$ cat run_14.txt   # compact mmCIF, N, CA and C atoms
# COMPACT_ATOMS: atom_id res chain seq x y z
N MET N 151 5.04 13.35 5.35
CA MET N 151 5.47 12.32 4.43
C MET N 151 6.85 12.70 3.91
N ASN N 152 7.79 11.76 4.02
CA ASN N 152 9.15 12.06 3.56
C ASN N 152 9.28 11.79 2.06
N ALA N 153 10.44 12.09 1.52
CA ALA N 153 10.67 11.98 0.07
C ALA N 153 10.47 10.56 -0.44
N LEU N 154 10.96 9.57 0.30
CA LEU N 154 10.82 8.19 -0.15
C LEU N 154 9.36 7.74 -0.12
N GLN N 155 8.63 8.17 0.88
CA GLN N 155 7.20 7.85 0.94
C GLN N 155 6.45 8.49 -0.23
N ARG N 156 6.83 9.71 -0.59
CA ARG N 156 6.20 10.38 -1.73
C ARG N 156 6.49 9.65 -3.04
N ILE N 157 7.73 9.18 -3.18
CA ILE N 157 8.10 8.41 -4.37
C ILE N 157 7.27 7.14 -4.46
N ARG N 158 7.20 6.43 -3.36
CA ARG N 158 6.44 5.17 -3.30
C ARG N 158 4.97 5.41 -3.63
N ARG N 159 4.39 6.43 -3.01
CA ARG N 159 2.98 6.76 -3.24
C ARG N 159 2.75 7.15 -4.71
N ALA N 160 3.67 7.92 -5.28
CA ALA N 160 3.53 8.33 -6.68
C ALA N 160 3.60 7.12 -7.60
N ARG N 161 4.45 6.17 -7.29
CA ARG N 161 4.56 4.95 -8.10
C ARG N 161 3.26 4.15 -8.06
N ILE N 162 2.69 4.00 -6.88
CA ILE N 162 1.42 3.28 -6.73
C ILE N 162 0.32 4.01 -7.49
N ALA N 163 0.28 5.34 -7.34
CA ALA N 163 -0.74 6.14 -8.02
C ALA N 163 -0.59 6.02 -9.54
N ARG N 164 0.65 6.00 -10.02
CA ARG N 164 0.88 5.84 -11.46
C ARG N 164 0.38 4.49 -11.95
N ASP N 165 0.66 3.44 -11.20
CA ASP N 165 0.23 2.10 -11.60
C ASP N 165 -1.30 2.00 -11.63
N ILE N 166 -1.96 2.56 -10.62
CA ILE N 166 -3.43 2.51 -10.57
C ILE N 166 -4.02 3.39 -11.68
N ALA N 167 -3.42 4.55 -11.93
CA ALA N 167 -3.91 5.42 -13.00
C ALA N 167 -3.78 4.74 -14.35
N GLU N 168 -2.68 4.05 -14.57
CA GLU N 168 -2.47 3.33 -15.83
C GLU N 168 -3.52 2.22 -15.98
N LEU N 169 -3.78 1.51 -14.92
CA LEU N 169 -4.80 0.46 -14.95
C LEU N 169 -6.18 1.04 -15.24
N ASP N 170 -6.50 2.16 -14.60
CA ASP N 170 -7.78 2.83 -14.84
C ASP N 170 -7.90 3.31 -16.28
N LEU N 171 -6.80 3.84 -16.84
CA LEU N 171 -6.81 4.29 -18.23
C LEU N 171 -7.05 3.10 -19.15
N GLN N 172 -6.33 2.02 -18.92
CA GLN N 172 -6.51 0.82 -19.76
C GLN N 172 -7.96 0.34 -19.72
N ARG N 173 -8.53 0.28 -18.53
CA ARG N 173 -9.91 -0.18 -18.39
C ARG N 173 -10.89 0.78 -19.06
N ALA N 174 -10.62 2.07 -18.97
CA ALA N 174 -11.50 3.06 -19.60
C ALA N 174 -11.44 2.94 -21.12
N LEU N 175 -10.25 2.70 -21.66
CA LEU N 175 -10.11 2.51 -23.11
C LEU N 175 -10.86 1.26 -23.57
N ILE N 176 -10.73 0.20 -22.81
CA ILE N 176 -11.42 -1.05 -23.15
C ILE N 176 -12.93 -0.83 -23.12
N GLN N 177 -13.42 -0.15 -22.09
CA GLN N 177 -14.85 0.10 -21.99
C GLN N 177 -15.34 0.98 -23.14
N ALA N 178 -14.55 1.99 -23.47
CA ALA N 178 -14.94 2.87 -24.58
C ALA N 178 -15.01 2.08 -25.88
N ALA N 179 -14.05 1.19 -26.11
CA ALA N 179 -14.07 0.37 -27.32
C ALA N 179 -15.30 -0.52 -27.34
N GLN N 180 -15.64 -1.10 -26.19
CA GLN N 180 -16.84 -1.94 -26.11
C GLN N 180 -18.10 -1.13 -26.35
N ASP N 181 -18.06 0.14 -26.00
CA ASP N 181 -19.21 1.03 -26.20
C ASP N 181 -19.26 1.59 -27.63
N GLY N 182 -18.27 1.24 -28.45
CA GLY N 182 -18.27 1.68 -29.84
C GLY N 182 -17.66 3.04 -30.09
N VAL N 183 -16.92 3.57 -29.13
CA VAL N 183 -16.26 4.86 -29.31
C VAL N 183 -15.10 4.69 -30.29
N ARG N 184 -14.94 5.62 -31.19
CA ARG N 184 -13.87 5.57 -32.18
C ARG N 184 -12.51 5.80 -31.50
N GLN N 185 -11.51 5.08 -32.01
CA GLN N 185 -10.17 5.21 -31.43
C GLN N 185 -9.64 6.63 -31.53
N VAL N 186 -9.94 7.33 -32.58
CA VAL N 186 -9.46 8.70 -32.73
C VAL N 186 -10.04 9.59 -31.63
N ASP N 187 -11.29 9.32 -31.25
CA ASP N 187 -11.91 10.10 -30.17
C ASP N 187 -11.32 9.72 -28.81
N MET N 188 -11.03 8.43 -28.63
CA MET N 188 -10.38 8.00 -27.38
C MET N 188 -9.00 8.64 -27.26
N ALA N 189 -8.28 8.67 -28.39
CA ALA N 189 -6.94 9.26 -28.39
C ALA N 189 -6.99 10.73 -28.00
N ALA N 190 -7.96 11.45 -28.54
CA ALA N 190 -8.08 12.87 -28.20
C ALA N 190 -8.38 13.04 -26.72
N ALA N 191 -9.27 12.22 -26.19
CA ALA N 191 -9.63 12.33 -24.77
C ALA N 191 -8.45 11.98 -23.86
N ALA N 192 -7.65 11.00 -24.28
CA ALA N 192 -6.50 10.57 -23.48
C ALA N 192 -5.24 11.36 -23.77
N GLN N 193 -5.32 12.29 -24.72
CA GLN N 193 -4.17 13.09 -25.14
C GLN N 193 -2.99 12.19 -25.54
N MET N 194 -3.31 11.25 -26.41
CA MET N 194 -2.28 10.35 -26.93
C MET N 194 -2.56 10.10 -28.40
N ALA N 195 -1.61 9.53 -29.08
CA ALA N 195 -1.78 9.23 -30.50
C ALA N 195 -2.71 8.04 -30.69
N GLN N 196 -3.46 8.05 -31.78
CA GLN N 196 -4.39 6.95 -32.07
C GLN N 196 -3.67 5.61 -32.16
N PRO N 197 -2.47 5.52 -32.76
CA PRO N 197 -1.78 4.23 -32.77
C PRO N 197 -1.48 3.69 -31.36
N SER N 198 -1.26 4.59 -30.42
CA SER N 198 -1.04 4.16 -29.03
C SER N 198 -2.30 3.54 -28.45
N VAL N 199 -3.45 4.14 -28.75
CA VAL N 199 -4.72 3.57 -28.32
C VAL N 199 -4.90 2.19 -28.94
N SER N 200 -4.62 2.07 -30.22
CA SER N 200 -4.74 0.80 -30.92
C SER N 200 -3.85 -0.27 -30.29
N THR N 201 -2.63 0.09 -29.97
CA THR N 201 -1.70 -0.85 -29.34
C THR N 201 -2.21 -1.29 -27.97
N ARG N 202 -2.69 -0.34 -27.20
CA ARG N 202 -3.22 -0.67 -25.87
C ARG N 202 -4.42 -1.60 -25.97
N LEU N 203 -5.28 -1.34 -26.93
CA LEU N 203 -6.46 -2.19 -27.10
C LEU N 203 -6.09 -3.58 -27.61
N ALA N 204 -5.01 -3.67 -28.36
CA ALA N 204 -4.55 -4.97 -28.84
C ALA N 204 -4.09 -5.85 -27.68
N HIS N 205 -3.69 -5.22 -26.59
CA HIS N 205 -3.22 -5.94 -25.41
C HIS N 205 -4.29 -5.98 -24.30
N ALA N 206 -5.52 -5.70 -24.66
CA ALA N 206 -6.60 -5.59 -23.67
C ALA N 206 -6.80 -6.87 -22.87
N SER N 207 -6.54 -8.01 -23.47
CA SER N 207 -6.76 -9.27 -22.76
C SER N 207 -5.83 -9.43 -21.56
N ARG N 208 -4.75 -8.68 -21.52
CA ARG N 208 -3.80 -8.74 -20.40
C ARG N 208 -4.24 -7.88 -19.22
N VAL N 209 -5.24 -7.04 -19.42
CA VAL N 209 -5.66 -6.10 -18.38
C VAL N 209 -6.71 -6.77 -17.49
N PRO N 210 -6.38 -6.99 -16.22
CA PRO N 210 -7.38 -7.61 -15.33
C PRO N 210 -8.52 -6.64 -15.04
N GLN N 211 -9.72 -7.11 -15.18
CA GLN N 211 -10.89 -6.28 -14.91
C GLN N 211 -11.25 -6.36 -13.42
N ALA N 212 -11.79 -5.29 -12.88
CA ALA N 212 -12.22 -5.29 -11.49
C ALA N 212 -13.29 -6.36 -11.32
N THR N 213 -13.22 -7.07 -10.23
CA THR N 213 -14.19 -8.11 -9.92
C THR N 213 -15.51 -7.46 -9.54
N LYS N 214 -16.60 -7.98 -10.07
CA LYS N 214 -17.92 -7.42 -9.80
C LYS N 214 -18.17 -7.33 -8.29
N GLY N 215 -18.58 -6.15 -7.84
CA GLY N 215 -18.85 -5.93 -6.42
C GLY N 215 -17.62 -5.53 -5.62
N PHE N 216 -16.48 -5.35 -6.31
CA PHE N 216 -15.23 -5.00 -5.64
C PHE N 216 -14.58 -3.83 -6.37
N SER N 217 -13.67 -3.15 -5.70
CA SER N 217 -13.04 -1.98 -6.30
C SER N 217 -11.76 -2.32 -7.05
N GLY N 218 -11.44 -3.61 -7.16
CA GLY N 218 -10.24 -4.01 -7.87
C GLY N 218 -10.34 -5.42 -8.41
N ALA N 219 -9.32 -5.79 -9.16
CA ALA N 219 -9.27 -7.12 -9.77
C ALA N 219 -8.76 -8.17 -8.79
N ASP N 220 -8.11 -7.73 -7.74
CA ASP N 220 -7.57 -8.66 -6.74
C ASP N 220 -7.38 -7.91 -5.42
N PRO N 221 -7.15 -8.66 -4.34
CA PRO N 221 -7.00 -8.00 -3.03
C PRO N 221 -5.85 -6.98 -2.98
N TYR N 222 -4.78 -7.23 -3.70
CA TYR N 222 -3.66 -6.29 -3.67
C TYR N 222 -4.07 -4.95 -4.28
N GLU N 223 -4.78 -4.98 -5.40
CA GLU N 223 -5.25 -3.73 -6.01
C GLU N 223 -6.21 -3.00 -5.07
N ILE N 224 -7.06 -3.74 -4.40
CA ILE N 224 -7.99 -3.12 -3.44
C ILE N 224 -7.18 -2.39 -2.36
N ALA N 225 -6.13 -3.03 -1.86
CA ALA N 225 -5.28 -2.41 -0.84
C ALA N 225 -4.56 -1.18 -1.39
N GLN N 226 -4.12 -1.24 -2.64
CA GLN N 226 -3.49 -0.07 -3.26
C GLN N 226 -4.47 1.10 -3.32
N ARG N 227 -5.69 0.82 -3.70
CA ARG N 227 -6.71 1.88 -3.80
C ARG N 227 -7.01 2.46 -2.40
N TYR N 228 -7.01 1.62 -1.40
CA TYR N 228 -7.20 2.12 -0.03
C TYR N 228 -6.02 3.03 0.35
N HIS N 229 -4.81 2.56 0.10
CA HIS N 229 -3.61 3.31 0.46
C HIS N 229 -3.60 4.70 -0.16
N LEU N 230 -4.12 4.80 -1.38
CA LEU N 230 -4.17 6.09 -2.07
C LEU N 230 -5.35 6.95 -1.63
N GLY N 231 -6.24 6.39 -0.81
CA GLY N 231 -7.40 7.15 -0.34
C GLY N 231 -8.59 7.08 -1.28
N TYR N 232 -8.57 6.16 -2.23
CA TYR N 232 -9.67 6.03 -3.19
C TYR N 232 -10.87 5.30 -2.60
N ILE N 233 -10.61 4.48 -1.59
CA ILE N 233 -11.71 3.80 -0.88
C ILE N 233 -11.47 3.95 0.62
N SER N 234 -12.54 3.83 1.39
CA SER N 234 -12.44 3.99 2.84
C SER N 234 -11.92 2.72 3.51
N GLU N 235 -11.54 2.86 4.76
CA GLU N 235 -11.11 1.70 5.53
C GLU N 235 -12.27 0.70 5.65
N GLU N 236 -13.46 1.22 5.85
CA GLU N 236 -14.63 0.35 5.94
C GLU N 236 -14.80 -0.48 4.66
N GLN N 237 -14.64 0.18 3.51
CA GLN N 237 -14.77 -0.54 2.24
C GLN N 237 -13.64 -1.55 2.08
N LEU N 238 -12.42 -1.17 2.45
CA LEU N 238 -11.28 -2.07 2.39
C LEU N 238 -11.57 -3.35 3.16
N LEU N 239 -11.95 -3.19 4.43
CA LEU N 239 -12.19 -4.36 5.27
C LEU N 239 -13.37 -5.18 4.77
N ASN N 240 -14.41 -4.49 4.29
CA ASN N 240 -15.57 -5.19 3.76
C ASN N 240 -15.18 -6.03 2.55
N GLU N 241 -14.48 -5.43 1.61
CA GLU N 241 -14.13 -6.15 0.39
C GLU N 241 -13.14 -7.28 0.65
N LEU N 242 -12.13 -7.02 1.47
CA LEU N 242 -11.14 -8.07 1.71
C LEU N 242 -11.69 -9.20 2.57
N SER N 243 -12.69 -8.92 3.38
CA SER N 243 -13.30 -10.00 4.17
C SER N 243 -14.29 -10.81 3.33
N ARG N 244 -14.84 -10.21 2.28
CA ARG N 244 -15.79 -10.92 1.39
C ARG N 244 -15.10 -11.64 0.24
N TRP N 245 -13.86 -11.30 -0.04
CA TRP N 245 -13.17 -11.87 -1.19
C TRP N 245 -13.14 -13.40 -1.06
N GLU N 246 -13.41 -14.09 -2.14
CA GLU N 246 -13.30 -15.55 -2.17
C GLU N 246 -11.88 -15.89 -2.64
N TYR N 247 -11.00 -16.06 -1.66
CA TYR N 247 -9.59 -16.28 -1.95
C TYR N 247 -9.37 -17.62 -2.63
N LEU N 248 -8.53 -17.60 -3.65
CA LEU N 248 -8.14 -18.84 -4.31
C LEU N 248 -7.22 -19.61 -3.38
N PRO N 249 -7.23 -20.92 -3.48
CA PRO N 249 -6.30 -21.69 -2.63
C PRO N 249 -4.86 -21.42 -3.05
N GLU N 250 -3.98 -21.49 -2.08
CA GLU N 250 -2.56 -21.33 -2.36
C GLU N 250 -2.10 -22.54 -3.18
N PRO N 251 -1.22 -22.35 -4.17
CA PRO N 251 -0.74 -23.48 -4.96
C PRO N 251 0.02 -24.46 -4.07
N GLU N 252 -0.06 -25.73 -4.43
CA GLU N 252 0.73 -26.74 -3.72
C GLU N 252 2.21 -26.46 -3.97
N PRO N 253 3.08 -26.79 -3.01
CA PRO N 253 4.51 -26.46 -3.16
C PRO N 253 5.11 -26.93 -4.49
N GLU N 254 4.67 -28.09 -5.00
CA GLU N 254 5.26 -28.57 -6.25
C GLU N 254 4.79 -27.79 -7.47
N HIS N 255 3.74 -26.93 -7.29
CA HIS N 255 3.24 -26.13 -8.40
C HIS N 255 3.66 -24.66 -8.33
N ILE N 256 4.45 -24.32 -7.34
CA ILE N 256 4.92 -22.94 -7.21
C ILE N 256 5.96 -22.68 -8.30
N LEU N 257 5.90 -21.50 -8.87
CA LEU N 257 6.83 -21.16 -9.95
C LEU N 257 8.27 -21.25 -9.48
N ASP N 258 9.13 -21.73 -10.37
CA ASP N 258 10.54 -21.90 -10.03
C ASP N 258 11.23 -20.61 -9.68
N ASP N 259 10.72 -19.48 -10.20
CA ASP N 259 11.39 -18.21 -9.93
C ASP N 259 11.09 -17.67 -8.54
N GLY N 260 10.25 -18.39 -7.79
CA GLY N 260 9.93 -17.96 -6.43
C GLY N 260 9.06 -16.73 -6.36
N GLY N 261 8.42 -16.37 -7.48
CA GLY N 261 7.55 -15.19 -7.53
C GLY N 261 6.31 -15.39 -6.68
N PRO N 262 5.50 -14.35 -6.55
CA PRO N 262 4.31 -14.44 -5.72
C PRO N 262 3.28 -15.39 -6.33
N ASN N 263 2.37 -15.82 -5.48
CA ASN N 263 1.27 -16.67 -5.93
C ASN N 263 0.42 -15.89 -6.93
N PRO N 264 -0.43 -16.59 -7.68
CA PRO N 264 -1.29 -15.87 -8.62
C PRO N 264 -2.22 -14.92 -7.89
N PRO N 265 -2.68 -13.85 -8.56
CA PRO N 265 -3.60 -12.89 -7.92
C PRO N 265 -4.85 -13.59 -7.41
N GLY N 266 -5.34 -13.10 -6.28
CA GLY N 266 -6.58 -13.62 -5.72
C GLY N 266 -6.39 -14.56 -4.55
N THR N 267 -5.13 -14.84 -4.19
CA THR N 267 -4.87 -15.67 -3.02
C THR N 267 -4.65 -14.78 -1.80
N TRP N 268 -4.60 -15.40 -0.63
CA TRP N 268 -4.33 -14.65 0.61
C TRP N 268 -2.97 -13.95 0.52
N ASP N 269 -2.09 -14.46 -0.32
CA ASP N 269 -0.77 -13.86 -0.50
C ASP N 269 -0.88 -12.39 -0.89
N ASP N 270 -1.95 -12.00 -1.60
CA ASP N 270 -2.15 -10.58 -1.95
C ASP N 270 -2.26 -9.73 -0.69
N VAL N 271 -2.97 -10.23 0.30
CA VAL N 271 -3.14 -9.49 1.56
C VAL N 271 -1.81 -9.45 2.33
N VAL N 272 -1.11 -10.56 2.33
CA VAL N 272 0.20 -10.62 3.00
C VAL N 272 1.15 -9.61 2.36
N ARG N 273 1.18 -9.57 1.03
CA ARG N 273 2.05 -8.61 0.33
C ARG N 273 1.62 -7.17 0.62
N ALA N 274 0.30 -6.93 0.64
CA ALA N 274 -0.20 -5.57 0.93
C ALA N 274 0.24 -5.13 2.32
N HIS N 275 0.22 -6.04 3.26
CA HIS N 275 0.66 -5.74 4.62
C HIS N 275 2.17 -5.50 4.64
N ARG N 276 2.91 -6.40 3.99
CA ARG N 276 4.37 -6.27 3.95
C ARG N 276 4.80 -4.97 3.26
N HIS N 277 4.04 -4.55 2.25
CA HIS N 277 4.36 -3.32 1.53
C HIS N 277 3.74 -2.08 2.19
N LYS N 278 3.16 -2.27 3.35
CA LYS N 278 2.60 -1.19 4.17
C LYS N 278 1.43 -0.46 3.49
N LEU N 279 0.68 -1.21 2.69
CA LEU N 279 -0.55 -0.66 2.11
C LEU N 279 -1.69 -0.74 3.12
N ILE N 280 -1.59 -1.72 4.01
CA ILE N 280 -2.55 -1.85 5.11
C ILE N 280 -1.75 -1.97 6.40
N SER N 281 -2.36 -1.54 7.49
CA SER N 281 -1.67 -1.51 8.78
C SER N 281 -1.69 -2.88 9.47
N ASP N 282 -0.88 -3.01 10.53
CA ASP N 282 -0.90 -4.22 11.34
C ASP N 282 -2.30 -4.46 11.89
N GLU N 283 -2.94 -3.40 12.35
CA GLU N 283 -4.28 -3.51 12.92
C GLU N 283 -5.28 -4.01 11.88
N GLN N 284 -5.22 -3.47 10.68
CA GLN N 284 -6.13 -3.91 9.61
C GLN N 284 -5.86 -5.36 9.22
N TYR N 285 -4.61 -5.72 9.13
CA TYR N 285 -4.23 -7.10 8.80
C TYR N 285 -4.76 -8.06 9.85
N ASN N 286 -4.55 -7.71 11.11
CA ASN N 286 -5.02 -8.57 12.20
C ASN N 286 -6.54 -8.67 12.22
N LYS N 287 -7.22 -7.57 11.91
CA LYS N 287 -8.68 -7.59 11.83
C LYS N 287 -9.14 -8.55 10.73
N LEU N 288 -8.46 -8.52 9.60
CA LEU N 288 -8.81 -9.44 8.51
C LEU N 288 -8.55 -10.89 8.90
N LEU N 289 -7.48 -11.14 9.65
CA LEU N 289 -7.22 -12.49 10.14
C LEU N 289 -8.33 -12.94 11.08
N GLU N 290 -8.77 -12.03 11.96
CA GLU N 290 -9.87 -12.35 12.87
C GLU N 290 -11.15 -12.65 12.10
N LEU N 291 -11.46 -11.83 11.14
CA LEU N 291 -12.66 -12.04 10.33
C LEU N 291 -12.59 -13.36 9.58
N ASP N 292 -11.40 -13.72 9.11
CA ASP N 292 -11.22 -14.98 8.40
C ASP N 292 -11.41 -16.16 9.35
N ASP N 293 -10.93 -16.02 10.58
CA ASP N 293 -11.10 -17.09 11.58
C ASP N 293 -12.56 -17.28 11.94
N GLU N 294 -13.34 -16.20 11.91
CA GLU N 294 -14.76 -16.27 12.25
C GLU N 294 -15.57 -16.95 11.15
N ALA N 295 -15.05 -16.90 9.93
CA ALA N 295 -15.80 -17.46 8.77
C ALA N 295 -15.78 -18.97 8.74
$ encode --input "run_14.txt" --output "structure tokens"
Amino acid sequence: MNALQRIRRARIARDIAELDLQRALIQAAQDGVRQVDMAAAAQMAQPSVSTRLAHASRVPQATKGFSGADPYEIAQRYHLGYISEEQLLNELSRWEYLPEPEPEHILDDGGPNPPGTWDDVVRAHRHKLISDEQYNKLLELDDEA
């Protein structure tokens, strides 16, 4: 792995770790854990925990039965080695993809479609989170459905 690949991998790992921390804090709050205890466990100040929890509604929760909140996150977790190729293909083939927005409803900034569309898989492939072979396998599985 070259230096640029290590940088890219570290960035993805940081993003997933941050998401996992946010979700763990939210779960702890739902379980009634005191913020001061969460802060100690996370090695952060209690006001930081409070701020994070105040923004909890912005944190996408993993979809039940899946390892992520959307197909792109699932691909990130696969890329980092957190899930197997078998699990990746299983989850992405079972995902109930949202329809792509009609052209007149696409955001003016040209940004990606909302999470949960096939565009997540296309981006994961383009960003080399999944291989050409895996992408083609998912296309085949989609054609069979």
$ residues_around --input "run_14.txt" --residues "stretch 277-280 of chain N" --least-positions-apart "6" --cutoff "6.5 Å" --atoms "all atoms listed in the file" --output "compact mmCIF listing (two decimals) with N, CA and C atoms, keeping the file's coordinate frame"
# COMPACT_ATOMS: atom_id res chain seq x y z
N ALA N 225 -6.13 -3.03 -1.86
CA ALA N 225 -5.28 -2.41 -0.84
C ALA N 225 -4.56 -1.18 -1.39
N GLN N 226 -4.12 -1.24 -2.64
CA GLN N 226 -3.49 -0.07 -3.26
C GLN N 226 -4.47 1.10 -3.32
N TYR N 228 -7.01 1.62 -1.40
CA TYR N 228 -7.20 2.12 -0.03
C TYR N 228 -6.02 3.03 0.35
N HIS N 229 -4.81 2.56 0.10
CA HIS N 229 -3.61 3.31 0.46
C HIS N 229 -3.60 4.70 -0.16
$ atom_distance --input "run_14.txt" --atom1 "atom C of N:Ala167" --atom2 "atom CA of N:Ala195"
16.9 Å
$ closest_residue --input "run_14.txt" --among "N:Arg227, N:Arg273, N:Lys287, N:Arg202" --to "N:Ile166" --atoms "all atoms listed in the file"
N:Arg227
$ atom_distance --input "run_14.txt" --atom1 "atom CA of N:Arg276" --atom2 "atom CA of N:Ser207"
29.1 Å
$ closest_residue --input "run_14.txt" --among "N:Gly266, N:Arg161, N:Asn152, N:Met188" --to "N:Trp245" --atoms "all atoms listed in the file"
N:Gly266
$ closest_residue --input "run_14.txt" --among "N:Gln193, N:Ser200, N:Gln284, N:Gln185" --to "N:Leu239" --atoms "only C-alpha atoms"
N:Gln284
$ closest_residue --input "run_14.txt" --among "N:Met151, N:Leu175, N:Leu291, N:Leu242" --to "N:Asp187" --atoms "only C-alpha atoms"
N:Leu175
$ atom_distance --input "run_14.txt" --atom1 "atom CA of N:Ala206" --atom2 "atom CA of N:Pro265"
17.6 Å
$ axis_aligned_box --input "run_14.txt" --around "stretch 210-222 of chain N" --padding-each-side "5 Å" --output "lines of an AutoDock Vina configuration file"
center_x = -11.3
center_y = -5.3
center_z = -9.6
size_x = 25.2
size_y = 16.7
size_z = 23.2
$ closest_residue --input "run_14.txt" --among "N:Gln172, N:Gly218, N:Glu283, N:Val272" --to "N:Thr201" --atoms "only C-alpha atoms"
N:Gln172
$ closest_residue --input "run_14.txt" --among "N:Leu154, N:Ser198, N:Glu241, N:Glu168" --to "N:Phe216" --atoms "all atoms listed in the file"
N:Glu241
